[in-house]
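**Student:** Pasting coords.pdb below, which is PDB, C-alpha atoms, pLDDT in the B column.
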```pdb
ATOM      1  CA  MET A   1    -109.462 201.459 -86.009  1.00 55.00           C
ATOM      2  CA  LEU A   2    -111.394 202.382 -82.880  1.00 60.00           C
ATOM      3  CA  ARG A   3    -109.474 204.223 -80.154  1.00 58.00           C
ATOM      4  CA  ARG A   4    -110.774 203.758 -76.640  1.00 63.00           C
ATOM      5  CA  LYS A   5    -108.628 206.514 -75.099  1.00 66.00           C
ATOM      6  CA  PRO A   6    -108.349 209.890 -76.759  1.00 63.00           C
ATOM      7  CA  ILE A   7    -104.758 210.467 -77.801  1.00 60.00           C
ATOM      8  CA  GLU A   8    -102.874 213.626 -76.970  1.00 56.00           C
ATOM      9  CA  THR A   9    -102.419 215.711 -80.091  1.00 50.00           C
ATOM     10  CA  ALA A  10    -100.438 218.827 -80.786  1.00 48.00           C
ATOM     11  CA  ASN A  11    -102.829 221.338 -82.204  1.00 52.00           C
ATOM     12  CA  VAL A  12    -101.087 222.169 -85.456  1.00 50.00           C
ATOM     13  CA  GLY A  13    -103.999 221.613 -87.768  1.00 46.00           C
ATOM     14  CA  SER A  14    -102.786 218.486 -89.502  1.00 51.00           C
ATOM     15  CA  GLY A  15    -104.065 215.064 -88.509  1.00 55.00           C
ATOM     16  CA  LEU A  16    -100.718 213.353 -88.156  1.00 57.00           C
ATOM     17  CA  TRP A  17     -99.149 215.300 -85.286  1.00 57.00           C
ATOM     18  CA  LYS A  18     -99.814 213.009 -82.398  1.00 67.00           C
ATOM     19  CA  GLY A  19     -97.723 213.958 -79.449  1.00 79.00           C
ATOM     20  CA  LEU A  20     -94.567 214.866 -77.657  1.00 84.00           C
ATOM     21  CA  GLY A  21     -92.511 212.071 -79.172  1.00 84.00           C
ATOM     22  CA  MET A  22     -92.966 213.365 -82.664  1.00 86.00           C
ATOM     23  CA  TRP A  23     -91.864 216.861 -81.667  1.00 89.00           C
ATOM     24  CA  ALA A  24     -88.850 215.420 -79.872  1.00 91.00           C
ATOM     25  CA  TRP A  25     -87.876 213.509 -83.010  1.00 91.00           C
ATOM     26  CA  LEU A  26     -88.484 216.441 -85.331  1.00 93.00           C
ATOM     27  CA  LEU A  27     -86.489 218.920 -83.239  1.00 95.00           C
ATOM     28  CA  PHE A  28     -83.737 216.326 -82.903  1.00 96.00           C
ATOM     29  CA  ARG A  29     -83.548 216.019 -86.680  1.00 95.00           C
ATOM     30  CA  ILE A  30     -83.722 219.774 -87.340  1.00 96.00           C
ATOM     31  CA  SER A  31     -81.089 220.597 -84.710  1.00 97.00           C
ATOM     32  CA  GLY A  32     -78.892 217.833 -86.107  1.00 97.00           C
ATOM     33  CA  LEU A  33     -79.045 219.172 -89.649  1.00 96.00           C
ATOM     34  CA  LEU A  34     -78.374 222.733 -88.475  1.00 97.00           C
ATOM     35  CA  LEU A  35     -75.395 221.487 -86.480  1.00 97.00           C
ATOM     36  CA  VAL A  36     -73.967 219.651 -89.507  1.00 96.00           C
ATOM     37  CA  LEU A  37     -74.064 222.907 -91.450  1.00 96.00           C
ATOM     38  CA  TYR A  38     -72.539 224.765 -88.516  1.00 96.00           C
ATOM     39  CA  LEU A  39     -69.754 222.199 -88.154  1.00 95.00           C
ATOM     40  CA  ILE A  40     -68.685 222.548 -91.768  1.00 94.00           C
ATOM     41  CA  ALA A  41     -68.853 226.348 -91.584  1.00 93.00           C
ATOM     42  CA  HIS A  42     -66.893 226.354 -88.312  1.00 92.00           C
ATOM     43  CA  ILE A  43     -64.086 224.170 -89.657  1.00 91.00           C
ATOM     44  CA  ILE A  44     -63.781 226.361 -92.754  1.00 89.00           C
ATOM     45  CA  VAL A  45     -63.944 229.686 -90.887  1.00 87.00           C
ATOM     46  CA  ILE A  46     -61.384 228.715 -88.236  1.00 86.00           C
ATOM     47  CA  SER A  47     -58.979 227.586 -90.957  1.00 84.00           C
ATOM     48  CA  THR A  48     -58.040 231.078 -92.086  1.00 78.00           C
ATOM     49  CA  GLY A  49     -54.486 229.897 -91.579  1.00 71.00           C
ATOM     50  CA  GLN A  50     -52.723 233.046 -90.552  1.00 77.00           C
ATOM     51  CA  PHE A  51     -52.727 234.455 -87.065  1.00 81.00           C
ATOM     52  CA  HIS A  52     -53.430 238.068 -87.975  1.00 83.00           C
ATOM     53  CA  LYS A  53     -56.384 237.060 -90.140  1.00 85.00           C
ATOM     54  CA  LEU A  54     -57.804 234.996 -87.306  1.00 85.00           C
ATOM     55  CA  ASP A  55     -57.393 237.882 -84.858  1.00 87.00           C
ATOM     56  CA  ALA A  56     -59.253 240.192 -87.250  1.00 88.00           C
ATOM     57  CA  LEU A  57     -61.984 237.575 -87.562  1.00 87.00           C
ATOM     58  CA  MET A  58     -62.332 237.270 -83.783  1.00 86.00           C
ATOM     59  CA  LYS A  59     -62.725 241.047 -83.544  1.00 86.00           C
ATOM     60  CA  ASP A  60     -65.431 240.974 -86.228  1.00 87.00           C
ATOM     61  CA  PHE A  61     -67.290 238.272 -84.355  1.00 85.00           C
ATOM     62  CA  ASP A  62     -67.359 240.365 -81.211  1.00 85.00           C
ATOM     63  CA  ASN A  63     -70.735 241.981 -81.897  1.00 88.00           C
ATOM     64  CA  PRO A  64     -74.126 241.457 -80.156  1.00 89.00           C
ATOM     65  CA  VAL A  65     -75.907 239.835 -83.100  1.00 91.00           C
ATOM     66  CA  LEU A  66     -73.307 237.132 -83.423  1.00 91.00           C
ATOM     67  CA  ILE A  67     -73.073 236.626 -79.668  1.00 89.00           C
ATOM     68  CA  LEU A  68     -76.828 235.985 -79.607  1.00 91.00           C
ATOM     69  CA  ALA A  69     -76.550 233.701 -82.636  1.00 92.00           C
ATOM     70  CA  ASP A  70     -73.875 231.878 -80.670  1.00 91.00           C
ATOM     71  CA  LEU A  71     -76.363 231.371 -77.840  1.00 93.00           C
ATOM     72  CA  ALA A  72     -78.893 229.953 -80.296  1.00 94.00           C
ATOM     73  CA  LEU A  73     -76.217 227.516 -81.403  1.00 95.00           C
ATOM     74  CA  VAL A  74     -75.640 226.520 -77.780  1.00 95.00           C
ATOM     75  CA  VAL A  75     -79.381 225.819 -77.430  1.00 96.00           C
ATOM     76  CA  ALA A  76     -79.280 223.576 -80.503  1.00 97.00           C
ATOM     77  CA  VAL A  77     -76.245 221.727 -79.143  1.00 97.00           C
ATOM     78  CA  LEU A  78     -77.780 221.325 -75.681  1.00 97.00           C
ATOM     79  CA  TYR A  79     -81.117 220.073 -77.026  1.00 97.00           C
ATOM     80  CA  HIS A  80     -79.478 217.623 -79.407  1.00 97.00           C
ATOM     81  CA  ALA A  81     -77.039 216.371 -76.781  1.00 97.00           C
ATOM     82  CA  LEU A  82     -79.549 215.911 -73.974  1.00 97.00           C
ATOM     83  CA  ASN A  83     -82.179 214.326 -76.179  1.00 96.00           C
ATOM     84  CA  GLY A  84     -79.410 212.057 -77.458  1.00 96.00           C
ATOM     85  CA  VAL A  85     -78.483 211.101 -73.900  1.00 96.00           C
ATOM     86  CA  ARG A  86     -82.143 210.243 -73.344  1.00 96.00           C
ATOM     87  CA  ILE A  87     -82.057 207.998 -76.433  1.00 94.00           C
ATOM     88  CA  ILE A  88     -78.880 206.236 -75.314  1.00 95.00           C
ATOM     89  CA  LEU A  89     -80.332 205.696 -71.844  1.00 95.00           C
ATOM     90  CA  MET A  90     -83.463 204.232 -73.366  1.00 92.00           C
ATOM     91  CA  ASP A  91     -81.327 201.985 -75.568  1.00 92.00           C
ATOM     92  CA  PHE A  92     -80.105 200.522 -72.303  1.00 93.00           C
ATOM     93  CA  GLY A  93     -83.648 200.154 -71.027  1.00 91.00           C
ATOM     94  CA  VAL A  94     -83.516 203.028 -68.564  1.00 90.00           C
ATOM     95  CA  GLY A  95     -86.885 204.734 -68.356  1.00 88.00           C
ATOM     96  CA  ILE A  96     -88.569 202.858 -71.191  1.00 86.00           C
ATOM     97  CA  LYS A  97     -91.835 202.919 -69.292  1.00 87.00           C
ATOM     98  CA  ARG A  98     -91.527 206.621 -68.543  1.00 88.00           C
ATOM     99  CA  HIS A  99     -90.943 208.287 -71.880  1.00 87.00           C
ATOM    100  CA  LYS A 100     -92.367 211.682 -71.050  1.00 88.00           C
ATOM    101  CA  ILE A 101     -90.559 212.003 -67.740  1.00 91.00           C
ATOM    102  CA  MET A 102     -87.283 211.125 -69.454  1.00 92.00           C
ATOM    103  CA  PHE A 103     -87.856 213.837 -72.044  1.00 93.00           C
ATOM    104  CA  TRP A 104     -88.736 216.516 -69.518  1.00 94.00           C
ATOM    105  CA  ILE A 105     -85.775 215.651 -67.297  1.00 96.00           C
ATOM    106  CA  ALA A 106     -83.564 216.100 -70.360  1.00 96.00           C
ATOM    107  CA  MET A 107     -85.206 219.459 -71.034  1.00 96.00           C
ATOM    108  CA  ALA A 108     -84.676 220.515 -67.414  1.00 97.00           C
ATOM    109  CA  VAL A 109     -80.948 219.808 -67.820  1.00 97.00           C
ATOM    110  CA  VAL A 110     -80.982 221.837 -71.067  1.00 97.00           C
ATOM    111  CA  VAL A 111     -82.475 224.808 -69.203  1.00 97.00           C
ATOM    112  CA  ALA A 112     -79.961 224.475 -66.363  1.00 97.00           C
ATOM    113  CA  CYS A 113     -76.968 224.374 -68.726  1.00 96.00           C
ATOM    114  CA  PHE A 114     -78.362 227.187 -70.824  1.00 96.00           C
ATOM    115  CA  ALA A 115     -78.701 229.313 -67.692  1.00 96.00           C
ATOM    116  CA  VAL A 116     -74.929 229.087 -67.263  1.00 94.00           C
ATOM    117  CA  PHE A 117     -74.131 229.965 -70.880  1.00 94.00           C
ATOM    118  CA  GLY A 118     -76.771 232.669 -70.972  1.00 93.00           C
ATOM    119  CA  TYR A 119     -75.426 234.224 -67.794  1.00 93.00           C
ATOM    120  CA  VAL A 120     -71.901 234.321 -69.171  1.00 92.00           C
ATOM    121  CA  SER A 121     -72.972 235.698 -72.554  1.00 91.00           C
ATOM    122  CA  PHE A 122     -75.268 238.379 -71.176  1.00 91.00           C
ATOM    123  CA  THR A 123     -72.675 239.434 -68.612  1.00 91.00           C
ATOM    124  CA  TYR A 124     -70.230 239.804 -71.469  1.00 90.00           C
ATOM    125  CA  LEU A 125     -72.751 241.696 -73.596  1.00 88.00           C
ATOM    126  CA  ILE A 126     -73.531 244.128 -70.806  1.00 88.00           C
ATOM    127  CA  THR A 127     -70.191 244.596 -69.074  1.00 86.00           C
ATOM    128  CA  GLY A 128     -67.779 243.674 -71.837  1.00 80.00           C
ATOM    129  CA  LYS A 129     -65.977 241.279 -69.545  1.00 78.00           C
ATOM    130  CA  GLY A 130     -66.318 237.594 -68.835  1.00 75.00           C
ATOM    131  CA  VAL A 131     -67.271 236.159 -65.483  1.00 78.00           C
ATOM    132  CA  VAL A 132     -63.849 234.608 -64.958  1.00 73.00           C
ATOM    133  CA  SER A 133     -61.031 237.109 -64.847  1.00 56.00           C
TER     134      SER A 133
ATOM    135  CA  MET B   1     -74.365 197.638 -86.697  1.00 87.00           C
ATOM    136  CA  TRP B   2     -71.079 199.470 -86.491  1.00 93.00           C
ATOM    137  CA  ALA B   3     -72.657 202.700 -87.664  1.00 94.00           C
ATOM    138  CA  TRP B   4     -75.283 202.395 -84.914  1.00 94.00           C
ATOM    139  CA  LEU B   5     -72.618 201.703 -82.312  1.00 95.00           C
ATOM    140  CA  MET B   6     -70.160 204.356 -83.488  1.00 97.00           C
ATOM    141  CA  GLN B   7     -72.892 206.975 -83.593  1.00 97.00           C
ATOM    142  CA  ARG B   8     -73.358 206.420 -79.865  1.00 96.00           C
ATOM    143  CA  VAL B   9     -69.639 206.116 -79.087  1.00 97.00           C
ATOM    144  CA  THR B  10     -68.940 209.394 -80.899  1.00 97.00           C
ATOM    145  CA  ALA B  11     -71.949 210.928 -79.154  1.00 97.00           C
ATOM    146  CA  VAL B  12     -70.436 210.227 -75.736  1.00 97.00           C
ATOM    147  CA  LEU B  13     -67.005 211.450 -76.907  1.00 97.00           C
ATOM    148  CA  LEU B  14     -68.655 214.598 -78.230  1.00 97.00           C
ATOM    149  CA  ILE B  15     -70.424 215.302 -74.970  1.00 97.00           C
ATOM    150  CA  VAL B  16     -67.136 215.108 -73.056  1.00 97.00           C
ATOM    151  CA  CYS B  17     -65.022 217.010 -75.597  1.00 97.00           C
ATOM    152  CA  LEU B  18     -67.679 219.616 -76.336  1.00 96.00           C
ATOM    153  CA  ALA B  19     -68.158 220.266 -72.628  1.00 96.00           C
ATOM    154  CA  ILE B  20     -64.429 220.992 -72.378  1.00 96.00           C
ATOM    155  CA  HIS B  21     -64.336 222.972 -75.639  1.00 95.00           C
ATOM    156  CA  LEU B  22     -67.396 225.106 -74.865  1.00 94.00           C
ATOM    157  CA  THR B  23     -66.285 225.774 -71.298  1.00 93.00           C
ATOM    158  CA  GLU B  24     -62.844 226.874 -72.487  1.00 92.00           C
ATOM    159  CA  THR B  25     -63.976 229.040 -75.388  1.00 90.00           C
ATOM    160  CA  HIS B  26     -67.400 230.206 -74.353  1.00 88.00           C
ATOM    161  CA  ILE B  27     -67.175 230.629 -70.599  1.00 87.00           C
ATOM    162  CA  LEU B  28     -63.586 230.974 -69.444  1.00 87.00           C
ATOM    163  CA  ASN B  29     -62.230 232.919 -72.411  1.00 84.00           C
ATOM    164  CA  ILE B  30     -65.213 234.788 -73.769  1.00 84.00           C
ATOM    165  CA  GLY B  31     -64.088 238.066 -75.318  1.00 80.00           C
ATOM    166  CA  LYS B  32     -60.438 237.114 -74.983  1.00 83.00           C
ATOM    167  CA  LEU B  33     -60.109 234.692 -77.870  1.00 84.00           C
ATOM    168  CA  ASN B  34     -57.242 235.466 -80.196  1.00 83.00           C
ATOM    169  CA  SER B  35     -54.443 233.494 -81.759  1.00 83.00           C
ATOM    170  CA  HIS B  36     -52.092 234.051 -78.820  1.00 85.00           C
ATOM    171  CA  ASN B  37     -54.678 232.899 -76.298  1.00 87.00           C
ATOM    172  CA  ILE B  38     -55.251 229.786 -78.402  1.00 87.00           C
ATOM    173  CA  LEU B  39     -51.497 229.228 -78.674  1.00 87.00           C
ATOM    174  CA  VAL B  40     -51.194 229.242 -74.881  1.00 88.00           C
ATOM    175  CA  ARG B  41     -54.085 226.813 -74.521  1.00 90.00           C
ATOM    176  CA  LEU B  42     -52.822 224.475 -77.234  1.00 89.00           C
ATOM    177  CA  ALA B  43     -49.321 224.399 -75.759  1.00 88.00           C
ATOM    178  CA  ASN B  44     -50.904 221.846 -73.452  1.00 90.00           C
ATOM    179  CA  ARG B  45     -50.876 218.625 -75.467  1.00 89.00           C
ATOM    180  CA  GLY B  46     -53.936 217.372 -73.619  1.00 92.00           C
ATOM    181  CA  MET B  47     -55.968 220.216 -75.103  1.00 93.00           C
ATOM    182  CA  VAL B  48     -54.606 219.356 -78.543  1.00 92.00           C
ATOM    183  CA  ALA B  49     -55.807 215.792 -78.029  1.00 93.00           C
ATOM    184  CA  VAL B  50     -59.247 217.055 -76.989  1.00 95.00           C
ATOM    185  CA  ASP B  51     -59.432 219.215 -80.117  1.00 94.00           C
ATOM    186  CA  LEU B  52     -58.400 216.404 -82.463  1.00 95.00           C
ATOM    187  CA  ILE B  53     -60.742 213.878 -80.871  1.00 97.00           C
ATOM    188  CA  LEU B  54     -63.503 216.498 -81.038  1.00 97.00           C
ATOM    189  CA  LEU B  55     -62.812 217.029 -84.736  1.00 96.00           C
ATOM    190  CA  ALA B  56     -62.849 213.317 -85.598  1.00 97.00           C
ATOM    191  CA  ALA B  57     -65.877 212.468 -83.464  1.00 97.00           C
ATOM    192  CA  ALA B  58     -67.849 215.467 -84.715  1.00 97.00           C
ATOM    193  CA  ILE B  59     -67.135 214.700 -88.356  1.00 97.00           C
ATOM    194  CA  PHE B  60     -68.133 211.055 -87.987  1.00 97.00           C
ATOM    195  CA  HIS B  61     -71.246 211.793 -85.940  1.00 97.00           C
ATOM    196  CA  ALA B  62     -72.385 214.607 -88.243  1.00 97.00           C
ATOM    197  CA  LEU B  63     -71.849 212.765 -91.524  1.00 97.00           C
ATOM    198  CA  ASN B  64     -73.347 209.532 -90.215  1.00 97.00           C
ATOM    199  CA  GLY B  65     -76.354 211.486 -88.949  1.00 96.00           C
ATOM    200  CA  LEU B  66     -76.627 213.180 -92.328  1.00 96.00           C
ATOM    201  CA  ARG B  67     -76.469 209.743 -93.942  1.00 96.00           C
ATOM    202  CA  MET B  68     -79.347 208.571 -91.739  1.00 94.00           C
ATOM    203  CA  VAL B  69     -81.543 211.509 -92.709  1.00 94.00           C
ATOM    204  CA  LEU B  70     -80.689 211.251 -96.412  1.00 95.00           C
ATOM    205  CA  MET B  71     -81.382 207.528 -96.454  1.00 93.00           C
ATOM    206  CA  ASP B  72     -84.812 208.145 -94.968  1.00 90.00           C
ATOM    207  CA  TYR B  73     -85.885 210.175 -97.949  1.00 90.00           C
ATOM    208  CA  TRP B  74     -83.725 209.919-101.067  1.00 90.00           C
ATOM    209  CA  PHE B  75     -81.016 207.285-100.958  1.00 88.00           C
ATOM    210  CA  THR B  76     -83.313 204.370-100.359  1.00 88.00           C
ATOM    211  CA  SER B  77     -82.025 201.663-102.682  1.00 91.00           C
ATOM    212  CA  ARG B  78     -78.947 199.600-101.892  1.00 92.00           C
ATOM    213  CA  SER B  79     -76.860 200.937-104.771  1.00 93.00           C
ATOM    214  CA  ARG B  80     -77.705 204.564-103.966  1.00 92.00           C
ATOM    215  CA  ALA B  81     -76.936 203.991-100.303  1.00 93.00           C
ATOM    216  CA  ARG B  82     -73.537 202.592-101.236  1.00 94.00           C
ATOM    217  CA  MET B  83     -72.735 205.598-103.390  1.00 95.00           C
ATOM    218  CA  LEU B  84     -73.820 207.945-100.606  1.00 95.00           C
ATOM    219  CA  CYS B  85     -71.576 206.095 -98.150  1.00 95.00           C
ATOM    220  CA  GLY B  86     -68.626 206.486-100.500  1.00 96.00           C
ATOM    221  CA  VAL B  87     -69.226 210.200-100.974  1.00 97.00           C
ATOM    222  CA  LEU B  88     -69.601 210.740 -97.222  1.00 97.00           C
ATOM    223  CA  TRP B  89     -66.405 208.810 -96.407  1.00 97.00           C
ATOM    224  CA  VAL B  90     -64.466 210.956 -98.888  1.00 97.00           C
ATOM    225  CA  ALA B  91     -66.027 214.134 -97.481  1.00 96.00           C
ATOM    226  CA  GLY B  92     -65.192 212.996 -93.952  1.00 96.00           C
ATOM    227  CA  ILE B  93     -61.557 212.316 -94.721  1.00 97.00           C
ATOM    228  CA  VAL B  94     -61.224 215.623 -96.571  1.00 95.00           C
ATOM    229  CA  LEU B  95     -62.747 217.500 -93.631  1.00 94.00           C
ATOM    230  CA  MET B  96     -60.509 215.706 -91.133  1.00 95.00           C
ATOM    231  CA  VAL B  97     -57.356 216.493 -93.108  1.00 94.00           C
ATOM    232  CA  TYR B  98     -58.458 220.087 -93.640  1.00 93.00           C
ATOM    233  CA  GLY B  99     -59.296 220.578 -89.967  1.00 92.00           C
ATOM    234  CA  THR B 100     -55.979 219.113 -88.821  1.00 91.00           C
ATOM    235  CA  TRP B 101     -54.143 221.340 -91.299  1.00 89.00           C
ATOM    236  CA  ALA B 102     -56.070 224.293 -89.847  1.00 86.00           C
ATOM    237  CA  LEU B 103     -54.752 223.449 -86.388  1.00 86.00           C
ATOM    238  CA  TRP B 104     -51.208 223.066 -87.652  1.00 85.00           C
ATOM    239  CA  PRO B 105     -50.003 226.663 -87.011  1.00 81.00           C
ATOM    240  CA  TRP B 106     -50.632 226.021 -83.340  1.00 81.00           C
ATOM    241  CA  ILE B 107     -49.692 222.390 -82.899  1.00 81.00           C
ATOM    242  CA  GLY B 108     -47.013 221.825 -85.524  1.00 78.00           C
ATOM    243  CA  PRO B 109     -43.283 222.260 -84.918  1.00 75.00           C
ATOM    244  CA  LYS B 110     -42.204 225.900 -84.980  1.00 64.00           C
TER     245      LYS B 110
END
```
Would it be possible to restate this file's structure as structure tokens?
**Tutor:**
Amino acid sequence: MLRRKPIETANVGSGLWKGLGMWAWLLFRISGLLLVLYLIAHIIVISTGQFHKLDALMKDFDNPVLILADLALVVAVLYHALNGVRIILMDFGVGIKRHKIMFWIAMAVVVACFAVFGYVSFTYLITGKGVVS
Amino acid sequence: MWAWLMQRVTAVLLIVCLAIHLTETHILNIGKLNSHNILVRLANRGMVAVDLILLAAAIFHALNGLRMVLMDYWFTSRSRARMLCGVLWVAGIVLMVYGTWALWPWIGPK
């Protein structure tokens, strides 16, 4: 098949990676699978059942590595949610002629929301207190 | 058709309930989470409703999404898809019951 316009390709070395849409789909799928695993782990972990066990667990989770892992989780949630909003909007016909703009607007919202969560988490990491007293 | 529709309905529910859940736990109460703090928050029945809706919507959305991915690669025939659906429904109900039981110390009668 002859292509008149050169197509935009992501330079990953394999011939099938043809653009932003494929990355969007792939990250959507990967974040979704990670979030399924997280959901099951979260339900199980929170169900320790007894108050003193839960309090001990919360103390254990109060370390920098897990706080940063928590932020990574927030990124996965934000990406999956905002990309999903983009999909629902496009289901309704909003922006179907402007795919890339829709995606980048969604990503801008991800960055904005992450700024809030990142600010709170890093303030807590550095000062040991939240931003709301 | 219902799976397609419910995936989007639960998605919207998740966005609302997760926004509330993450703001409460991650922003307003970071570093202060313990069973007493949760007890105070769950004394408000509205928050209990948010948590239960979050649990149900998340379980449906996650397992249906998992179903979609699995059917893309392995469960491609009609009979296999049916079996997968059955397994996922059972898993979903088990998770819902388990999660509600986990909340019970805070929301059940004292």
**Student:** Place a sphere of radius 12 Å on (-81.7, 210.1, -92.6) in the file coordinates and name every protein, DNA or RNA residue with an atom inside or on its surface, counting only C-alpha atoms; give the answer as a PyMOL selection string.
**Tutor:** (chain A and resi 25-26+28-30+32-33) or (chain B and resi 62-76+81+84)
**Student:** Could you tell me which residues the PyMOL selection byres ((chain B and resi 17) around 10) returns for this structure, as a list in words?
**Tutor:**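 Given this file, the PyMOL selection byres ((chain B and resi 17) around 10) evaluates to Ala11, Val12, Leu13, Leu14, Ile15, Val16, Leu18, Ala19, Ile20, His21, Leu22, Thr23, Met47, Ala49, Val50, Asp51, Leu52, Ile53, Leu54, Leu55, Ala57 and Ala58 of chain B.
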**Student:** Taking the file as shown, what set of residues would the PyMOL selection byres ((chain A and resi 35) around 8) give back, as a PDB file with C-alpha atoms, in the coordinates of the input?
**Tutor:**
```pdb
ATOM      1  CA  SER A  31     -81.089 220.597 -84.710  1.00 97.00           C
ATOM      2  CA  GLY A  32     -78.892 217.833 -86.107  1.00 97.00           C
ATOM      3  CA  LEU A  33     -79.045 219.172 -89.649  1.00 96.00           C
ATOM      4  CA  LEU A  34     -78.374 222.733 -88.475  1.00 97.00           C
ATOM      5  CA  VAL A  36     -73.967 219.651 -89.507  1.00 96.00           C
ATOM      6  CA  LEU A  37     -74.064 222.907 -91.450  1.00 96.00           C
ATOM      7  CA  TYR A  38     -72.539 224.765 -88.516  1.00 96.00           C
ATOM      8  CA  LEU A  39     -69.754 222.199 -88.154  1.00 95.00           C
ATOM      9  CA  LEU A  73     -76.217 227.516 -81.403  1.00 95.00           C
ATOM     10  CA  ALA A  76     -79.280 223.576 -80.503  1.00 97.00           C
ATOM     11  CA  VAL A  77     -76.245 221.727 -79.143  1.00 97.00           C
TER      12      VAL A  77
ATOM     13  CA  ALA B  62     -72.385 214.607 -88.243  1.00 97.00           C
TER      14      ALA B  62
END
```
**Student:** Extending 5 Å beyond the listed atoms of stretch 88-103 of chain B on each side, what axis-aligned box results? I want centre and edge lengths in Å to one decimal, as AutoDock Vina command-line options.
**Tutor:**
```
--center_x -61.9 --center_y 216.6 --center_z -92.6 --size_x 25.5 --size_y 25.5 --size_z 22.5
```
**Student:** Under the rule that all atoms listed in the file are counted, which of A:Ile126, A:Ala41, A:Ala24, A:Met58 is the nearest residue to chain B?
**Tutor:**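 Looking only at the distances to chain B, the closest residue turns out to be A:Met58.
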**Student:** Determine the residue membership of the PyMOL selection byres ((chain A and resi 125) around 12) for the file above and supply it as a compact mmCIF listing (two decimals) with C-alpha atoms, in the frame of the given file.
**Tutor:**
```
# COMPACT_ATOMS: atom_id res chain seq x y z
CA ASP A 62 -67.36 240.36 -81.21
CA ASN A 63 -70.74 241.98 -81.90
CA PRO A 64 -74.13 241.46 -80.16
CA VAL A 65 -75.91 239.84 -83.10
CA LEU A 66 -73.31 237.13 -83.42
CA ILE A 67 -73.07 236.63 -79.67
CA LEU A 68 -76.83 235.98 -79.61
CA LEU A 71 -76.36 231.37 -77.84
CA GLY A 118 -76.77 232.67 -70.97
CA TYR A 119 -75.43 234.22 -67.79
CA VAL A 120 -71.90 234.32 -69.17
CA SER A 121 -72.97 235.70 -72.55
CA PHE A 122 -75.27 238.38 -71.18
CA THR A 123 -72.68 239.43 -68.61
CA TYR A 124 -70.23 239.80 -71.47
CA ILE A 126 -73.53 244.13 -70.81
CA THR A 127 -70.19 244.60 -69.07
CA GLY A 128 -67.78 243.67 -71.84
CA LYS A 129 -65.98 241.28 -69.54
CA GLY A 130 -66.32 237.59 -68.83
CA VAL A 131 -67.27 236.16 -65.48
CA ILE B 30 -65.21 234.79 -73.77
CA GLY B 31 -64.09 238.07 -75.32
```
**Student:** Of the candidates B:Leu88, B:Leu95, B:Val48, B:Met83, which one gets nearest to chain A if we count all atoms listed in the file?
**Tutor:**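 Looking only at the distances to chain A, the closest residue turns out to be B:Leu95.
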**Student:** Which distance in Å separates atom CA of A:Gly21 and atom CA of A:Val74, to one decimal?
**Tutor:**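 Atom CA of A:Val74 lies 22.3 Å from atom CA of A:Gly21.
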**Student:** Could you jot down the atom CA of A:Ile101 to atom CA of A:Val85 separation for me, Å, one decimal place?
**Tutor:**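 Going from atom CA of A:Ile101 over to atom CA of A:Val85 covers 13.6 Å.
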